[in-house]
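Text of start-v7.pdb (PDB, C-alpha atoms) as supplied:
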```pdb
ATOM      1  CA  MET A   1      -1.705  42.624  43.545
ATOM      2  CA  LYS A   2      -4.563  42.998  41.024
ATOM      3  CA  ILE A   3      -2.392  41.748  38.182
ATOM      4  CA  ARG A   4      -1.368  38.762  40.242
ATOM      5  CA  THR A   5      -5.022  37.926  41.056
ATOM      6  CA  VAL A   6      -6.033  38.302  37.404
ATOM      7  CA  CYS A   7      -3.150  36.019  36.357
ATOM      8  CA  ILE A   8      -4.150  33.397  38.925
ATOM      9  CA  VAL A   9      -7.774  33.524  37.751
ATOM     10  CA  LEU A  10      -6.692  33.233  34.103
ATOM     11  CA  ILE A  11      -4.411  30.318  34.898
ATOM     12  CA  ALA A  12      -7.211  28.622  36.835
ATOM     13  CA  LEU A  13      -9.612  29.129  33.930
ATOM     14  CA  CYS A  14      -7.081  27.776  31.429
ATOM     15  CA  CYS A  15      -6.473  24.729  33.634
ATOM     16  CA  SER A  16     -10.205  24.190  34.009
ATOM     17  CA  PHE A  17     -10.825  24.415  30.251
ATOM     18  CA  SER A  18      -7.818  22.201  29.578
ATOM     19  CA  MET A  19      -9.020  19.516  31.985
ATOM     20  CA  THR A  20     -12.555  19.699  30.591
ATOM     21  CA  GLY A  21     -11.163  19.398  27.055
ATOM     22  CA  CYS A  22      -9.030  16.403  28.005
ATOM     23  CA  GLY A  23     -12.001  14.747  29.686
ATOM     24  CA  THR A  24     -14.204  15.376  26.669
ATOM     25  CA  TYR A  25     -11.543  14.066  24.295
ATOM     26  CA  ASN A  26     -11.103  10.915  26.390
ATOM     27  CA  ARG A  27     -14.874  10.379  26.502
ATOM     28  CA  LEU A  28     -15.070  10.694  22.701
ATOM     29  CA  VAL A  29     -12.208   8.205  22.311
ATOM     30  CA  THR A  30     -14.044   5.792  24.637
ATOM     31  CA  PHE A  31     -17.263   6.106  22.625
ATOM     32  CA  ASP A  32     -15.336   5.672  19.360
ATOM     33  CA  GLU A  33     -13.769   2.479  20.698
ATOM     34  CA  GLU A  34     -17.201   1.234  21.827
ATOM     35  CA  VAL A  35     -18.454   1.698  18.256
ATOM     36  CA  LYS A  36     -15.465  -0.241  16.888
ATOM     37  CA  GLU A  37     -15.922  -3.018  19.453
ATOM     38  CA  ALA A  38     -19.642  -3.242  18.719
ATOM     39  CA  TRP A  39     -18.914  -3.433  14.980
ATOM     40  CA  ALA A  40     -16.398  -6.219  15.643
ATOM     41  CA  GLN A  41     -19.204  -8.181  17.328
ATOM     42  CA  VAL A  42     -21.498  -7.581  14.344
ATOM     43  CA  ASP A  43     -18.702  -8.618  12.007
ATOM     44  CA  THR A  44     -18.119 -11.817  13.998
ATOM     45  CA  VAL A  45     -21.728 -12.988  13.812
ATOM     46  CA  LEU A  46     -21.980 -11.959  10.163
ATOM     47  CA  GLN A  47     -18.902 -14.094   9.490
ATOM     48  CA  ARG A  48     -20.580 -17.023  11.263
ATOM     49  CA  ARG A  49     -23.604 -16.652   8.977
ATOM     50  CA  TYR A  50     -21.297 -16.289   5.986
ATOM     51  CA  ASP A  51     -19.589 -19.573   6.933
ATOM     52  CA  LEU A  52     -22.909 -21.447   7.359
ATOM     53  CA  ILE A  53     -24.298 -20.466   3.970
ATOM     54  CA  PRO A  54     -22.326 -22.885   1.738
ATOM     55  CA  ASN A  55     -23.502 -25.847   3.845
ATOM     56  CA  LEU A  56     -27.091 -24.630   3.756
ATOM     57  CA  VAL A  57     -26.980 -24.033   0.002
ATOM     58  CA  GLU A  58     -25.455 -27.462  -0.691
ATOM     59  CA  THR A  59     -28.091 -29.172   1.437
ATOM     60  CA  VAL A  60     -30.921 -27.359  -0.322
ATOM     61  CA  LYS A  61     -29.333 -27.934  -3.758
ATOM     62  CA  GLY A  62     -29.678 -31.663  -3.300
ATOM     63  CA  PHE A  63     -33.436 -31.305  -3.025
ATOM     64  CA  ALA A  64     -34.108 -28.314  -5.261
ATOM     65  CA  ALA A  65     -31.743 -28.540  -8.201
ATOM     66  CA  GLN A  66     -34.045 -26.554 -10.498
ATOM     67  CA  GLU A  67     -33.842 -23.432  -8.309
ATOM     68  CA  LYS A  68     -30.498 -22.313  -9.778
ATOM     69  CA  ASP A  69     -31.269 -18.590  -9.870
ATOM     70  CA  VAL A  70     -31.825 -18.523  -6.096
ATOM     71  CA  PHE A  71     -28.509 -20.312  -5.489
ATOM     72  CA  ILE A  72     -26.735 -17.934  -7.833
ATOM     73  CA  LYS A  73     -28.179 -14.892  -6.017
ATOM     74  CA  VAL A  74     -27.106 -16.272  -2.624
ATOM     75  CA  THR A  75     -23.622 -17.020  -3.946
ATOM     76  CA  GLU A  76     -23.308 -13.551  -5.523
ATOM     77  CA  ALA A  77     -24.498 -11.863  -2.344
ATOM     78  CA  ARG A  78     -22.055 -13.926  -0.294
ATOM     79  CA  SER A  79     -19.226 -12.836  -2.630
ATOM     80  CA  LYS A  80     -20.194  -9.190  -2.152
ATOM     81  CA  VAL A  81     -19.931  -9.655   1.610
ATOM     82  CA  ALA A  82     -16.443 -11.068   1.186
ATOM     83  CA  GLY A  83     -15.399  -8.123  -0.996
ATOM     84  CA  ALA A  84     -16.864  -5.359   1.151
ATOM     85  CA  GLY A  85     -14.271  -3.100   2.739
ATOM     86  CA  SER A  86     -15.867  -0.237   4.639
ATOM     87  CA  ILE A  87     -18.631  -0.512   7.220
ATOM     88  CA  PRO A  88     -21.263   1.028   4.887
ATOM     89  CA  GLU A  89     -20.235  -1.440   2.138
ATOM     90  CA  LYS A  90     -20.463  -4.354   4.587
ATOM     91  CA  ILE A  91     -23.888  -3.204   5.748
ATOM     92  CA  GLU A  92     -25.166  -2.974   2.160
ATOM     93  CA  ALA A  93     -23.655  -6.350   1.194
ATOM     94  CA  ASN A  94     -25.136  -8.055   4.248
ATOM     95  CA  ASN A  95     -28.534  -6.508   3.545
ATOM     96  CA  GLN A  96     -28.378  -8.050   0.054
ATOM     97  CA  LEU A  97     -27.348 -11.379   1.579
ATOM     98  CA  THR A  98     -30.282 -11.227   4.017
ATOM     99  CA  SER A  99     -32.635 -10.691   1.088
ATOM    100  CA  ALA A 100     -31.113 -13.600  -0.863
ATOM    101  CA  LEU A 101     -31.362 -15.877   2.170
ATOM    102  CA  SER A 102     -35.033 -15.032   2.623
ATOM    103  CA  ARG A 103     -35.629 -16.082  -1.011
ATOM    104  CA  LEU A 104     -33.715 -19.304  -0.337
ATOM    105  CA  LEU A 105     -35.940 -20.047   2.647
ATOM    106  CA  VAL A 106     -39.007 -19.491   0.460
ATOM    107  CA  VAL A 107     -37.629 -22.174  -1.874
ATOM    108  CA  VAL A 108     -37.288 -24.479   1.125
ATOM    109  CA  GLU A 109     -41.016 -24.151   1.792
ATOM    110  CA  ARG A 110     -41.667 -25.823  -1.580
ATOM    111  CA  TYR A 111     -39.848 -29.024  -0.582
ATOM    112  CA  PRO A 112     -41.439 -30.873   2.353
ATOM    113  CA  ASP A 113     -38.828 -33.665   2.232
ATOM    114  CA  LEU A 114     -36.079 -31.105   2.696
ATOM    115  CA  LYS A 115     -37.724 -29.669   5.774
ATOM    116  CA  SER A 116     -37.589 -33.102   7.436
ATOM    117  CA  ASN A 117     -33.911 -33.733   6.549
ATOM    118  CA  GLN A 118     -31.787 -33.753   9.737
ATOM    119  CA  ASN A 119     -28.850 -31.910   8.144
ATOM    120  CA  PHE A 120     -31.153 -29.178   6.950
ATOM    121  CA  ILE A 121     -32.906 -28.899  10.312
ATOM    122  CA  ARG A 122     -29.566 -28.565  12.099
ATOM    123  CA  LEU A 123     -28.332 -25.944   9.626
ATOM    124  CA  GLN A 124     -31.613 -24.058   9.803
ATOM    125  CA  ASP A 125     -31.408 -24.002  13.620
ATOM    126  CA  GLU A 126     -27.817 -22.749  13.481
ATOM    127  CA  LEU A 127     -28.780 -20.085  10.968
ATOM    128  CA  ALA A 128     -31.763 -19.007  13.097
ATOM    129  CA  GLY A 129     -29.504 -18.741  16.149
ATOM    130  CA  THR A 130     -26.997 -16.765  14.137
ATOM    131  CA  GLU A 131     -29.693 -14.405  12.861
ATOM    132  CA  ASN A 132     -30.714 -13.765  16.477
ATOM    133  CA  ARG A 133     -27.090 -13.031  17.386
ATOM    134  CA  ILE A 134     -26.873 -10.667  14.416
ATOM    135  CA  ALA A 135     -29.981  -8.815  15.594
ATOM    136  CA  VAL A 136     -28.559  -8.398  19.103
ATOM    137  CA  ALA A 137     -25.144  -7.319  17.787
ATOM    138  CA  ARG A 138     -26.738  -4.799  15.386
ATOM    139  CA  ARG A 139     -28.806  -3.331  18.223
ATOM    140  CA  ARG A 140     -25.731  -2.979  20.430
ATOM    141  CA  TYR A 141     -23.762  -1.470  17.562
ATOM    142  CA  ASN A 142     -26.521   1.062  16.858
ATOM    143  CA  GLU A 143     -26.684   1.960  20.565
ATOM    144  CA  ALA A 144     -22.917   2.597  20.581
ATOM    145  CA  VAL A 145     -23.207   4.657  17.383
ATOM    146  CA  LYS A 146     -25.995   6.721  18.926
ATOM    147  CA  ARG A 147     -23.946   7.447  22.091
ATOM    148  CA  TYR A 148     -20.928   8.384  19.997
ATOM    149  CA  ASN A 149     -22.843  10.535  17.488
ATOM    150  CA  VAL A 150     -24.711  12.386  20.241
ATOM    151  CA  ALA A 151     -21.432  13.085  22.043
ATOM    152  CA  THR A 152     -19.806  14.425  18.868
ATOM    153  CA  ARG A 153     -22.748  16.758  18.182
ATOM    154  CA  LYS A 154     -23.428  18.168  21.665
ATOM    155  CA  PHE A 155     -21.863  21.408  22.788
ATOM    156  CA  PRO A 156     -19.069  21.775  23.927
ATOM    157  CA  SER A 157     -17.845  18.289  22.998
ATOM    158  CA  ASN A 158     -18.620  19.041  19.349
ATOM    159  CA  LEU A 159     -15.753  21.572  19.404
ATOM    160  CA  ILE A 160     -13.321  18.886  20.536
ATOM    161  CA  ALA A 161     -14.801  16.404  18.051
ATOM    162  CA  LYS A 162     -14.295  18.833  15.167
ATOM    163  CA  ALA A 163     -10.798  19.773  16.314
ATOM    164  CA  PHE A 164      -9.704  16.122  16.396
ATOM    165  CA  ASP A 165     -11.652  14.905  13.336
ATOM    166  CA  PHE A 166     -14.095  12.588  15.087
ATOM    167  CA  GLU A 167     -16.421  11.679  12.226
ATOM    168  CA  LYS A 168     -20.047  10.609  12.395
ATOM    169  CA  ALA A 169     -20.501   6.832  12.626
ATOM    170  CA  GLU A 170     -22.978   5.025  10.361
ATOM    171  CA  PHE A 171     -25.994   3.200  11.783
ATOM    172  CA  TYR A 172     -26.723  -0.353  10.681
ATOM    173  CA  GLU A 173     -30.153   0.024   9.112
ATOM    174  CA  ALA A 174     -32.312  -2.846   7.934
ATOM    175  CA  PRO A 175     -32.913  -2.978   4.189
ATOM    176  CA  GLU A 176     -36.300  -1.873   2.894
ATOM    177  CA  ALA A 177     -36.887  -5.432   1.663
ATOM    178  CA  ALA A 178     -36.809  -6.653   5.284
ATOM    179  CA  ALA A 179     -40.195  -5.036   5.847
ATOM    180  CA  GLU A 180     -41.748  -7.268   3.176
ATOM    181  CA  VAL A 181     -42.954 -10.728   4.133
ATOM    182  CA  PRO A 182     -41.527 -13.399   1.806
ATOM    183  CA  LYS A 183     -44.185 -14.925  -0.427
ATOM    184  CA  VAL A 184     -44.551 -18.688  -0.448
ATOM    185  CA  LYS A 185     -46.123 -20.118  -3.601
ATOM    186  CA  PHE A 186     -46.726 -23.774  -4.398
TER
END
```
Just dump the structure as structure tokens.
Amino acid sequence: MKIRTVCIVLIALCCSFSMTGCGTYNRLVTFDEEVKEAWAQVDTVLQRRYDLIPNLVETVKGFAAQEKDVFIKVTEARSKVAGAGSIPEKIEANNQLTSALSRLLVVVERYPDLKSNQNFIRLQDELAGTENRIAVARRRYNEAVKRYNVATRKFPSNLIAKAFDFEKAEFYEAPEAAAEVPKVKF
């Protein structure tokens, strides 16, 4: 009778641990998918910005032909975005593109006629809207990364995370240059 009771208790404990493990695994999978979905949103709005840039550059070029180095930097940064493969590479490339775009907008300040051009105003509004979408998507991505990373580090879910190779997700951090205010010189 004692052996039977001990066996029943052991079976109950094994079932309990098994169900807890399955639940934890499923929760980690859900969080992992949330991170991927949030990154897809970031990627979508970054692609929108990427697609707007050639039109913006061409519009500005017509007014500011002597600012070739700025156009070259924007074009190079845009190429890096296109060639980035992993999420950390995409984050770094987009941070460089953000920096190049801020320099381009400083150039715009030097040309009052450009600022009144309807094509430029429309493109600038679209770019501003896109930048807002990027900020929202980055915030949501970072929230998903935080939930996922916390879940993979907390006990006992960290045991399941290690057993099934759930790796730490990378946050989307703003570049250090973003803290600097662009300088406008006439």
Problem set entry | Residue IDs satisfying the PyMOL selection byres ((chain A and resi 136-141) around 12), as a VMD selection string | chain A and resid 31 to 46 87 91 94 129 to 135 142 to 148 169 to 174
For the residues selected in the previous step, produce a file with C-alpha atoms as a compact mmCIF listing (two decimals), in the coordinates of the input.
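Output (again.txt):
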```txt
# COMPACT_ATOMS: atom_id res chain seq x y z
CA PHE A 31 -17.26 6.11 22.62
CA ASP A 32 -15.34 5.67 19.36
CA GLU A 33 -13.77 2.48 20.70
CA GLU A 34 -17.20 1.23 21.83
CA VAL A 35 -18.45 1.70 18.26
CA LYS A 36 -15.46 -0.24 16.89
CA GLU A 37 -15.92 -3.02 19.45
CA ALA A 38 -19.64 -3.24 18.72
CA TRP A 39 -18.91 -3.43 14.98
CA ALA A 40 -16.40 -6.22 15.64
CA GLN A 41 -19.20 -8.18 17.33
CA VAL A 42 -21.50 -7.58 14.34
CA ASP A 43 -18.70 -8.62 12.01
CA THR A 44 -18.12 -11.82 14.00
CA VAL A 45 -21.73 -12.99 13.81
CA LEU A 46 -21.98 -11.96 10.16
CA ILE A 87 -18.63 -0.51 7.22
CA ILE A 91 -23.89 -3.20 5.75
CA ASN A 94 -25.14 -8.06 4.25
CA GLY A 129 -29.50 -18.74 16.15
CA THR A 130 -27.00 -16.76 14.14
CA GLU A 131 -29.69 -14.40 12.86
CA ASN A 132 -30.71 -13.76 16.48
CA ARG A 133 -27.09 -13.03 17.39
CA ILE A 134 -26.87 -10.67 14.42
CA ALA A 135 -29.98 -8.82 15.59
CA ASN A 142 -26.52 1.06 16.86
CA GLU A 143 -26.68 1.96 20.56
CA ALA A 144 -22.92 2.60 20.58
CA VAL A 145 -23.21 4.66 17.38
CA LYS A 146 -26.00 6.72 18.93
CA ARG A 147 -23.95 7.45 22.09
CA TYR A 148 -20.93 8.38 20.00
CA ALA A 169 -20.50 6.83 12.63
CA GLU A 170 -22.98 5.03 10.36
CA PHE A 171 -25.99 3.20 11.78
CA TYR A 172 -26.72 -0.35 10.68
CA GLU A 173 -30.15 0.02 9.11
CA ALA A 174 -32.31 -2.85 7.93
```
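Residue nearest Ala100 (chain A), chosen from A:Ala82, A:Leu10, A:Val57, A:Ala77 and counting all atoms listed in the file: A:Ala77.
Run against this file, the PyMOL selection byres ((chain A and resi 155-167) around 12) gives back A:Phe17, A:Ser18, A:Thr20, A:Gly21, A:Cys22, A:Gly23, A:Thr24, A:Tyr25, A:Asn26, A:Arg27, A:Leu28, A:Val29, A:Thr30, A:Phe31, A:Asp32, A:Glu33, A:Val35, A:Val145, A:Tyr148, A:Asn149, A:Val150, A:Ala151, A:Thr152, A:Arg153, A:Lys154, A:Lys168, A:Ala169, A:Glu170.
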For this session: Figure out the distance between CA of Leu105 (chain A) and CA of Arg49 (chain A), please, to one decimal in Å.
Result: 14.3 Å
Which polymer residues, whether protein, DNA or RNA, lie within 12 Å of the coordinate (-26.7, -8.5, 0.9) when you count all atoms listed in the file? List them as a CSV table (one decimal) with C-alpha atoms, in the frame of the given file, using the chain letters and numbers from the file.
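Result file follows (out_4.csv):
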```
chain,number,residue,atom,x,y,z
A,46,LEU,CA,-22.0,-12.0,10.2
A,49,ARG,CA,-23.6,-16.7,9.0
A,50,TYR,CA,-21.3,-16.3,6.0
A,73,LYS,CA,-28.2,-14.9,-6.0
A,74,VAL,CA,-27.1,-16.3,-2.6
A,75,THR,CA,-23.6,-17.0,-3.9
A,76,GLU,CA,-23.3,-13.6,-5.5
A,77,ALA,CA,-24.5,-11.9,-2.3
A,78,ARG,CA,-22.1,-13.9,-0.3
A,79,SER,CA,-19.2,-12.8,-2.6
A,80,LYS,CA,-20.2,-9.2,-2.2
A,81,VAL,CA,-19.9,-9.7,1.6
A,82,ALA,CA,-16.4,-11.1,1.2
A,83,GLY,CA,-15.4,-8.1,-1.0
A,84,ALA,CA,-16.9,-5.4,1.2
A,88,PRO,CA,-21.3,1.0,4.9
A,89,GLU,CA,-20.2,-1.4,2.1
A,90,LYS,CA,-20.5,-4.4,4.6
A,91,ILE,CA,-23.9,-3.2,5.7
A,92,GLU,CA,-25.2,-3.0,2.2
A,93,ALA,CA,-23.7,-6.4,1.2
A,94,ASN,CA,-25.1,-8.1,4.2
A,95,ASN,CA,-28.5,-6.5,3.5
A,96,GLN,CA,-28.4,-8.0,0.1
A,97,LEU,CA,-27.3,-11.4,1.6
A,98,THR,CA,-30.3,-11.2,4.0
A,99,SER,CA,-32.6,-10.7,1.1
A,100,ALA,CA,-31.1,-13.6,-0.9
A,101,LEU,CA,-31.4,-15.9,2.2
A,102,SER,CA,-35.0,-15.0,2.6
A,103,ARG,CA,-35.6,-16.1,-1.0
A,174,ALA,CA,-32.3,-2.8,7.9
A,175,PRO,CA,-32.9,-3.0,4.2
A,176,GLU,CA,-36.3,-1.9,2.9
A,177,ALA,CA,-36.9,-5.4,1.7
A,178,ALA,CA,-36.8,-6.7,5.3
```
For this session: Work out how far CA of Leu104 (chain A) is from CA of Phe71 (chain A), in Å to one decimal.
Result: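 Computing the Euclidean distance for CA of Phe71 (chain A) and CA of Leu104 (chain A) yields 7.4 Å.
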Adding 5 Å on each side of the box along x, y and z that holds all listed atoms of region 1-11 of chain A, could you give its centre and edge lengths in Å to one decimal, as JSON?
```
{"center_x": -4.6, "center_y": 36.7, "center_z": 38.8, "size_x": 16.4, "size_y": 22.7, "size_z": 19.4}
```
For this session: Work out how far CA of Ala128 (chain A) is from CA of Lys61 (chain A), in Å to one decimal.
Result: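 The value is 19.2 Å.
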